[in-house]
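K.L.:
Structure file query.pdb (PDB, C-alpha atoms, pLDDT in the B column) is given on the next line.
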```
ATOM      1  CA  MET A   1     -12.950  -3.652  13.259  1.00 40.00           C
ATOM      2  CA  ARG A   2      -9.896  -1.690  14.399  1.00 37.00           C
ATOM      3  CA  ILE A   3      -8.085   0.861  12.267  1.00 40.00           C
ATOM      4  CA  LEU A   4      -4.387   0.301  11.615  1.00 43.00           C
ATOM      5  CA  SER A   5      -2.173   2.984  13.126  1.00 39.00           C
ATOM      6  CA  ALA A   6      -0.177   5.421  11.037  1.00 41.00           C
ATOM      7  CA  ARG A   7       3.607   5.308  11.262  1.00 39.00           C
ATOM      8  CA  PRO A   8       6.148   7.824  10.007  1.00 38.00           C
ATOM      9  CA  SER A   9       8.204   6.962   6.941  1.00 39.00           C
ATOM     10  CA  GLY A  10      10.505   4.038   7.518  1.00 41.00           C
ATOM     11  CA  GLY A  11       8.124   2.156   9.822  1.00 40.00           C
ATOM     12  CA  THR A  12       6.640  -1.033   8.458  1.00 40.00           C
ATOM     13  CA  SER A  13       5.655  -3.016  11.562  1.00 39.00           C
ATOM     14  CA  GLY A  14       1.995  -3.526  10.786  1.00 53.00           C
ATOM     15  CA  GLY A  15       0.988   0.106  10.338  1.00 86.00           C
ATOM     16  CA  VAL A  16       0.670   2.550   7.492  1.00 94.00           C
ATOM     17  CA  GLU A  17       3.929   4.088   6.384  1.00 96.00           C
ATOM     18  CA  LYS A  18       3.439   7.731   5.374  1.00 96.00           C
ATOM     19  CA  TRP A  19       5.498   9.502   2.712  1.00 97.00           C
ATOM     20  CA  ASP A  20       7.680  12.172   4.357  1.00 96.00           C
ATOM     21  CA  PRO A  21       8.198  15.074   1.921  1.00 96.00           C
ATOM     22  CA  ALA A  22      10.696  16.777   4.249  1.00 97.00           C
ATOM     23  CA  ARG A  23      12.947  13.718   4.147  1.00 96.00           C
ATOM     24  CA  GLU A  24      12.006  12.055   0.849  1.00 96.00           C
ATOM     25  CA  GLY A  25      11.145  15.016  -1.377  1.00 97.00           C
ATOM     26  CA  ALA A  26       8.005  15.428  -3.439  1.00 97.00           C
ATOM     27  CA  LEU A  27       5.922  12.289  -3.921  1.00 98.00           C
ATOM     28  CA  SER A  28       6.188  10.907  -7.450  1.00 98.00           C
ATOM     29  CA  GLU A  29       5.837   7.509  -9.024  1.00 98.00           C
ATOM     30  CA  LYS A  30       9.580   7.447  -9.735  1.00 98.00           C
ATOM     31  CA  ALA A  31      10.524   8.342  -6.152  1.00 98.00           C
ATOM     32  CA  MET A  32       8.150   5.773  -4.624  1.00 98.00           C
ATOM     33  CA  ARG A  33       9.322   3.065  -7.038  1.00 98.00           C
ATOM     34  CA  GLU A  34      12.973   3.774  -6.190  1.00 97.00           C
ATOM     35  CA  LYS A  35      12.206   3.665  -2.448  1.00 97.00           C
ATOM     36  CA  LEU A  36      10.589   0.227  -2.790  1.00 97.00           C
ATOM     37  CA  GLU A  37      13.298  -1.105  -5.101  1.00 97.00           C
ATOM     38  CA  ARG A  38      16.012  -0.017  -2.614  1.00 97.00           C
ATOM     39  CA  ARG A  39      14.308  -2.356  -0.134  1.00 96.00           C
ATOM     40  CA  GLY A  40      14.724  -5.263  -2.541  1.00 96.00           C
ATOM     41  CA  PHE A  41      11.170  -5.342  -3.924  1.00 97.00           C
ATOM     42  CA  HIS A  42      10.088  -5.868  -7.533  1.00 97.00           C
ATOM     43  CA  VAL A  43       7.551  -3.161  -8.423  1.00 98.00           C
ATOM     44  CA  ALA A  44       4.559  -3.188 -10.778  1.00 98.00           C
ATOM     45  CA  ARG A  45       2.112  -0.321 -11.431  1.00 98.00           C
ATOM     46  CA  TYR A  46      -1.652  -0.892 -11.424  1.00 98.00           C
ATOM     47  CA  VAL A  47      -4.700   1.317 -11.910  1.00 98.00           C
ATOM     48  CA  TYR A  48      -7.911   0.153 -10.213  1.00 98.00           C
ATOM     49  CA  CYS A  49     -11.225   1.685 -11.306  1.00 98.00           C
ATOM     50  CA  PRO A  50     -13.905   2.803  -8.836  1.00 98.00           C
ATOM     51  CA  GLY A  51     -15.851  -0.199  -7.583  1.00 97.00           C
ATOM     52  CA  THR A  52     -12.876  -2.577  -7.789  1.00 97.00           C
ATOM     53  CA  GLU A  53     -12.843  -5.056  -4.907  1.00 97.00           C
ATOM     54  CA  PHE A  54     -10.438  -7.834  -3.978  1.00 97.00           C
ATOM     55  CA  PRO A  55     -12.021 -10.372  -1.581  1.00 97.00           C
ATOM     56  CA  ASP A  56      -9.985 -12.127   1.104  1.00 97.00           C
ATOM     57  CA  HIS A  57      -6.843 -13.626  -0.418  1.00 97.00           C
ATOM     58  CA  ARG A  58      -3.184 -14.244   0.375  1.00 96.00           C
ATOM     59  CA  HIS A  59       0.122 -14.160  -1.478  1.00 96.00           C
ATOM     60  CA  GLU A  60       3.084 -16.515  -1.312  1.00 96.00           C
ATOM     61  CA  VAL A  61       5.480 -13.543  -1.157  1.00 96.00           C
ATOM     62  CA  ASP A  62       5.968 -10.524   1.084  1.00 96.00           C
ATOM     63  CA  LYS A  63       4.452  -7.429  -0.492  1.00 96.00           C
ATOM     64  CA  ILE A  64       3.866  -3.734   0.011  1.00 97.00           C
ATOM     65  CA  ASP A  65       0.881  -1.858  -1.404  1.00 97.00           C
ATOM     66  CA  ALA A  66       1.809   1.758  -2.112  1.00 98.00           C
ATOM     67  CA  VAL A  67      -0.788   4.306  -3.243  1.00 98.00           C
ATOM     68  CA  LEU A  68       0.104   7.177  -5.583  1.00 98.00           C
ATOM     69  CA  SER A  69      -3.426   8.559  -5.953  1.00 98.00           C
ATOM     70  CA  GLY A  70      -6.982   7.710  -4.967  1.00 98.00           C
ATOM     71  CA  ARG A  71      -8.189   5.945  -1.823  1.00 98.00           C
ATOM     72  CA  PHE A  72      -7.729   2.211  -1.193  1.00 97.00           C
ATOM     73  CA  ARG A  73      -9.262   0.449   1.823  1.00 97.00           C
ATOM     74  CA  MET A  74      -7.240  -2.533   2.961  1.00 97.00           C
ATOM     75  CA  THR A  75      -8.347  -4.976   5.637  1.00 97.00           C
ATOM     76  CA  MET A  76      -5.885  -7.306   7.295  1.00 95.00           C
ATOM     77  CA  ARG A  77      -5.932  -9.188  10.600  1.00 91.00           C
ATOM     78  CA  GLY A  78      -9.349  -7.731  11.485  1.00 91.00           C
ATOM     79  CA  ARG A  79      -8.168  -4.153  10.978  1.00 93.00           C
ATOM     80  CA  ALA A  80      -9.009  -1.745   8.178  1.00 95.00           C
ATOM     81  CA  VAL A  81      -7.193   1.312   6.906  1.00 96.00           C
ATOM     82  CA  ILE A  82      -7.710   3.686   4.006  1.00 97.00           C
ATOM     83  CA  LEU A  83      -4.509   4.289   2.087  1.00 98.00           C
ATOM     84  CA  GLU A  84      -4.127   7.618   0.293  1.00 97.00           C
ATOM     85  CA  ALA A  85      -1.380   9.204  -1.818  1.00 98.00           C
ATOM     86  CA  GLY A  86       2.029   8.400  -0.346  1.00 98.00           C
ATOM     87  CA  ASP A  87       0.801   5.647   1.982  1.00 98.00           C
ATOM     88  CA  CYS A  88       2.313   2.150   2.063  1.00 97.00           C
ATOM     89  CA  LEU A  89       1.167  -0.975   3.850  1.00 97.00           C
ATOM     90  CA  ALA A  90       3.293  -4.098   4.262  1.00 96.00           C
ATOM     91  CA  VAL A  91       1.443  -7.393   3.777  1.00 96.00           C
ATOM     92  CA  PRO A  92       3.546 -10.321   5.025  1.00 96.00           C
ATOM     93  CA  LYS A  93       3.668 -13.572   3.046  1.00 95.00           C
ATOM     94  CA  GLY A  94       0.601 -15.735   3.688  1.00 96.00           C
ATOM     95  CA  THR A  95      -1.430 -13.006   5.430  1.00 96.00           C
ATOM     96  CA  VAL A  96      -5.118 -12.970   4.508  1.00 97.00           C
ATOM     97  CA  HIS A  97      -6.227  -9.508   3.400  1.00 97.00           C
ATOM     98  CA  SER A  98      -8.787  -7.752   1.218  1.00 97.00           C
ATOM     99  CA  ALA A  99      -8.909  -4.416  -0.575  1.00 97.00           C
ATOM    100  CA  GLU A 100     -11.310  -2.093  -2.332  1.00 98.00           C
ATOM    101  CA  VAL A 101     -11.285   1.264  -4.088  1.00 98.00           C
ATOM    102  CA  VAL A 102     -13.061   3.911  -2.015  1.00 97.00           C
ATOM    103  CA  GLY A 103     -14.930   6.729  -3.759  1.00 97.00           C
ATOM    104  CA  ASP A 104     -15.194   7.812  -7.385  1.00 97.00           C
ATOM    105  CA  GLU A 105     -11.485   8.188  -8.178  1.00 98.00           C
ATOM    106  CA  SER A 106      -9.333   5.401  -9.609  1.00 98.00           C
ATOM    107  CA  VAL A 107      -6.449   4.188  -7.478  1.00 98.00           C
ATOM    108  CA  VAL A 108      -2.950   4.278  -8.912  1.00 98.00           C
ATOM    109  CA  SER A 109      -0.914   1.768  -6.934  1.00 98.00           C
ATOM    110  CA  LEU A 110       2.565   0.329  -6.881  1.00 98.00           C
ATOM    111  CA  ASP A 111       2.511  -3.354  -5.975  1.00 97.00           C
ATOM    112  CA  ALA A 112       5.882  -4.343  -4.540  1.00 98.00           C
ATOM    113  CA  THR A 113       6.737  -8.016  -4.052  1.00 97.00           C
ATOM    114  CA  LYS A 114       9.713  -9.836  -2.601  1.00 93.00           C
ATOM    115  CA  SER A 115      10.270 -13.576  -2.883  1.00 79.00           C
TER     116      SER A 115
END
```
What would you get if you wrote out this structure as structure tokens?
P.N.:
Amino acid sequence: MRILSARPSGGTSGGVEKWDPAREGALSEKAMREKLERRGFHVARYVYCPGTEFPDHRHEVDKIDAVLSGRFRMTMRGRAVILEAGDCLAVPKGTVHSAEVVGDESVVSLDATKS
């Protein structure tokens, strides 16, 4: 399994988009939500407890998973990445992917969807 590459903020072509404090300011739920909403996404907040797993599934909308705290392993197209605070990963409509909380800390995530 290959690891997805990290990309600086603004890049969403299949890699992890990192929060850039120099350009975007301090990471906060409000700032991340506003960033996603500016891109035309509807945003919902979720908290996933340690041990939470989502087996392979797909969505009928484009989405972005954004992590505010904790560690979230996402696997997509045979590649895995661990998202941490400030990381985003775009999941195109219809793409099979899975996810799981890594470690003993809950994950606070913003789930952004676009029809």
K.L.:
Given the file shown, enumerate the residues that the PyMOL selection byres ((chain A and resi 89) around 9) captures and present them as a ChimeraX atom specification.
P.N.:
/A:12,14-17,63-66,74,83,87-88,90-91
K.L.:
Quick one: everything within 7 Å of region 27-32 of chain A, counting all atoms listed in the file, minus sequence neighbours fewer than 3 positions away in the same chain. Send it as a list in words.
P.N.:
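Once the adjacent positions are removed, what remains is Pro21, Lys35, Leu36, Leu68 and Gly86 of chain A.
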K.L.:
Measuring between all atoms listed in the file, which one of A:Glu53, A:Asp20, A:Asp104, A:Asp62 shows the shortest distance to Arg39 (chain A)?
P.N.:
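Result for the nearest residue to Arg39 (chain A): A:Asp62.
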K.L.:
Between CA of Thr95 (chain A) and CA of Glu24 (chain A), what is the distance, to one decimal in Å?
P.N.:
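The value is 28.8 Å.
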K.L.:
Considering only C-alpha atoms, state which residue in the set A:Val61, A:Ala26, A:Val43, A:Cys49 is at the smallest distance from Ser115 (chain A).
P.N.:
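Counting only C-alpha atoms, the residue closest to Ser115 (chain A) is A:Val61.
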K.L.:
If you measure from CA of Gly70 (chain A) to CA of Lys18 (chain A), what distance in Å do you get, rounded to one decimal?
P.N.:
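Straight-line distance from CA of Gly70 (chain A) to CA of Lys18 (chain A) works out to 14.7 Å.
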K.L.:
Taking into account only C-alpha atoms, which residue in the set A:Val101, A:Ala112, A:Val96, A:Met76 is nearest to Arg38 (chain A)?
P.N.:
A:Ala112
K.L.:
Go ahead and find all residues with at least one atom no further than 10 Å from (2.1, 0.6, -14.7) in the file's coordinates, using all atoms listed in the file; report them as a list in words.
P.N.:
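It turns out the residues near that spot are Glu29, Val43, Ala44, Arg45, Tyr46, Val47, Val108, Ser109, Leu110 and Asp111 of chain A.
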K.L.:
For the selection just defined, write its residues with C-alpha atoms to a file, as a short mmCIF file (atom, residue, chain, number, x, y, z; two decimals), in the frame of the given file.
P.N.:
```
data_model
loop_
_atom_site.label_atom_id
_atom_site.label_comp_id
_atom_site.auth_asym_id
_atom_site.auth_seq_id
_atom_site.Cartn_x
_atom_site.Cartn_y
_atom_site.Cartn_z
CA GLU A 29 5.84 7.51 -9.02
CA VAL A 43 7.55 -3.16 -8.42
CA ALA A 44 4.56 -3.19 -10.78
CA ARG A 45 2.11 -0.32 -11.43
CA TYR A 46 -1.65 -0.89 -11.42
CA VAL A 47 -4.70 1.32 -11.91
CA VAL A 108 -2.95 4.28 -8.91
CA SER A 109 -0.91 1.77 -6.93
CA LEU A 110 2.56 0.33 -6.88
CA ASP A 111 2.51 -3.35 -5.98
#
```
K.L.:
Have a look at CA of Ser69 (chain A) and CA of Pro55 (chain A) and let me know their distance in Å, one decimal.
P.N.:
21.2 Å
K.L.:
Show me, as a list in words, the residues that have an atom within 7 Å of Val102 (chain A) when counting only C-alpha atoms, minus same-chain residues fewer than 6 positions from it.
P.N.:
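Counting only the stated atoms, we get Pro50, Arg71, Phe72 and Arg73 of chain A.
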K.L.:
Between A:Glu37, A:Pro92, A:Gly25, A:Ala85, single out the one closest to Val67 (chain A), counting all atoms listed in the file.
P.N.:
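Checking each of A:Glu37, A:Pro92, A:Gly25, A:Ala85 against Val67 (chain A), counting all atoms listed in the file, the winner is A:Ala85.
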K.L.:
Residues around (2.9, -16.7, -2.5), cut-off 7 Å, counting only C-alpha atoms - what are they as a short mmCIF file (atom, residue, chain, number, x, y, z; two decimals) with C-alpha atoms, in the coordinates of the input?
P.N.:
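Below is the file selection.cif, written as the result:
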```cif
data_model
loop_
_atom_site.label_atom_id
_atom_site.label_comp_id
_atom_site.auth_asym_id
_atom_site.auth_seq_id
_atom_site.Cartn_x
_atom_site.Cartn_y
_atom_site.Cartn_z
CA HIS A 59 0.12 -14.16 -1.48
CA GLU A 60 3.08 -16.52 -1.31
CA VAL A 61 5.48 -13.54 -1.16
CA LYS A 93 3.67 -13.57 3.05
CA GLY A 94 0.60 -15.74 3.69
#
```
K.L.:
Rank nothing, just name the residue among A:Tyr48, A:Glu100, A:Val107, A:Arg58 nearest to Glu84 (chain A), using all atoms listed in the file.
P.N.:
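Of A:Tyr48, A:Glu100, A:Val107, A:Arg58, the one nearest Glu84 (chain A) is A:Val107, counting all atoms listed in the file.
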K.L.:
Report, as lines of an AutoDock Vina configuration file, the centre and edge lengths in Å (one decimal) of the axis-aligned box enclosing every listed atom of region 28-39 of chain A, padded by 6 Å on each side.
P.N.:
```
center_x = 10.9
center_y = 4.3
center_z = -4.9
size_x = 22.2
size_y = 25.3
size_z = 21.6
```
K.L.:
Pick the closest to Ser106 (chain A) from A:Arg33, A:Asp56, A:Gly51, A:Val81: which is it, counting all atoms listed in the file?
P.N.:
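Counting all atoms listed in the file, the residue closest to Ser106 (chain A) is A:Gly51.
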K.L.:
Given the block above, output region 42-61 of chain A with N, CA and C atoms as an mmCIF file, in the first residue's frame.
P.N.:
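Result file follows (selection-v6.cif):
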```cif
data_model
loop_
_atom_site.group_PDB
_atom_site.id
_atom_site.type_symbol
_atom_site.label_atom_id
_atom_site.label_comp_id
_atom_site.auth_asym_id
_atom_site.auth_seq_id
_atom_site.Cartn_x
_atom_site.Cartn_y
_atom_site.Cartn_z
ATOM 1 N N HIS A 42 -20.905 22.041 1.806
ATOM 2 C CA HIS A 42 -21.733 22.059 3.008
ATOM 3 C C HIS A 42 -20.929 21.298 4.064
ATOM 4 N N VAL A 43 -20.869 21.820 5.286
ATOM 5 C CA VAL A 43 -19.961 21.274 6.294
ATOM 6 C C VAL A 43 -20.726 20.793 7.518
ATOM 7 N N ALA A 44 -20.385 19.583 7.968
ATOM 8 C CA ALA A 44 -20.932 19.018 9.204
ATOM 9 C C ALA A 44 -19.769 18.594 10.092
ATOM 10 N N ARG A 45 -19.946 18.721 11.403
ATOM 11 C CA ARG A 45 -18.908 18.351 12.381
ATOM 12 C C ARG A 45 -19.245 17.001 12.981
ATOM 13 N N TYR A 46 -18.224 16.136 13.079
ATOM 14 C CA TYR A 46 -18.379 14.814 13.685
ATOM 15 C C TYR A 46 -17.246 14.563 14.662
ATOM 16 N N VAL A 47 -17.550 13.769 15.688
ATOM 17 C CA VAL A 47 -16.529 13.288 16.627
ATOM 18 C C VAL A 47 -16.580 11.765 16.579
ATOM 19 N N TYR A 48 -15.440 11.159 16.266
ATOM 20 C CA TYR A 48 -15.328 9.696 16.181
ATOM 21 C C TYR A 48 -14.468 9.198 17.326
ATOM 22 N N CYS A 49 -15.000 8.272 18.110
ATOM 23 C CA CYS A 49 -14.294 7.710 19.265
ATOM 24 C C CYS A 49 -13.189 6.757 18.816
ATOM 25 N N PRO A 50 -12.184 6.552 19.685
ATOM 26 C CA PRO A 50 -11.158 5.544 19.378
ATOM 27 C C PRO A 50 -11.812 4.208 19.044
ATOM 28 N N GLY A 51 -11.264 3.531 18.050
ATOM 29 C CA GLY A 51 -11.795 2.245 17.623
ATOM 30 C C GLY A 51 -12.812 2.348 16.500
ATOM 31 N N THR A 52 -13.258 3.563 16.175
ATOM 32 C CA THR A 52 -14.230 3.731 15.092
ATOM 33 C C THR A 52 -13.595 3.365 13.757
ATOM 34 N N GLU A 53 -14.300 2.558 12.984
ATOM 35 C CA GLU A 53 -13.838 2.152 11.656
ATOM 36 C C GLU A 53 -14.985 2.282 10.664
ATOM 37 N N PHE A 54 -14.651 2.724 9.467
ATOM 38 C CA PHE A 54 -15.598 2.783 8.359
ATOM 39 C C PHE A 54 -15.057 1.886 7.256
ATOM 40 N N PRO A 55 -15.695 0.746 6.986
ATOM 41 C CA PRO A 55 -15.203 -0.153 5.926
ATOM 42 C C PRO A 55 -15.369 0.511 4.555
ATOM 43 N N ASP A 56 -14.842 -0.153 3.531
ATOM 44 C CA ASP A 56 -14.950 0.380 2.173
ATOM 45 C C ASP A 56 -16.379 0.841 1.884
ATOM 46 N N HIS A 57 -16.486 2.061 1.360
ATOM 47 C CA HIS A 57 -17.777 2.624 0.985
ATOM 48 C C HIS A 57 -17.537 3.740 -0.024
ATOM 49 N N ARG A 58 -18.595 4.268 -0.577
ATOM 50 C CA ARG A 58 -18.501 5.387 -1.513
ATOM 51 C C ARG A 58 -19.655 6.347 -1.250
ATOM 52 N N HIS A 59 -19.509 7.559 -1.767
ATOM 53 C CA HIS A 59 -20.550 8.575 -1.628
ATOM 54 C C HIS A 59 -20.976 9.039 -3.011
ATOM 55 N N GLU A 60 -22.190 9.506 -3.118
ATOM 56 C CA GLU A 60 -22.704 10.004 -4.397
ATOM 57 C C GLU A 60 -22.468 11.500 -4.563
ATOM 58 N N VAL A 61 -21.574 12.055 -3.744
ATOM 59 C CA VAL A 61 -21.198 13.467 -3.824
ATOM 60 C C VAL A 61 -19.696 13.587 -3.636
#
```
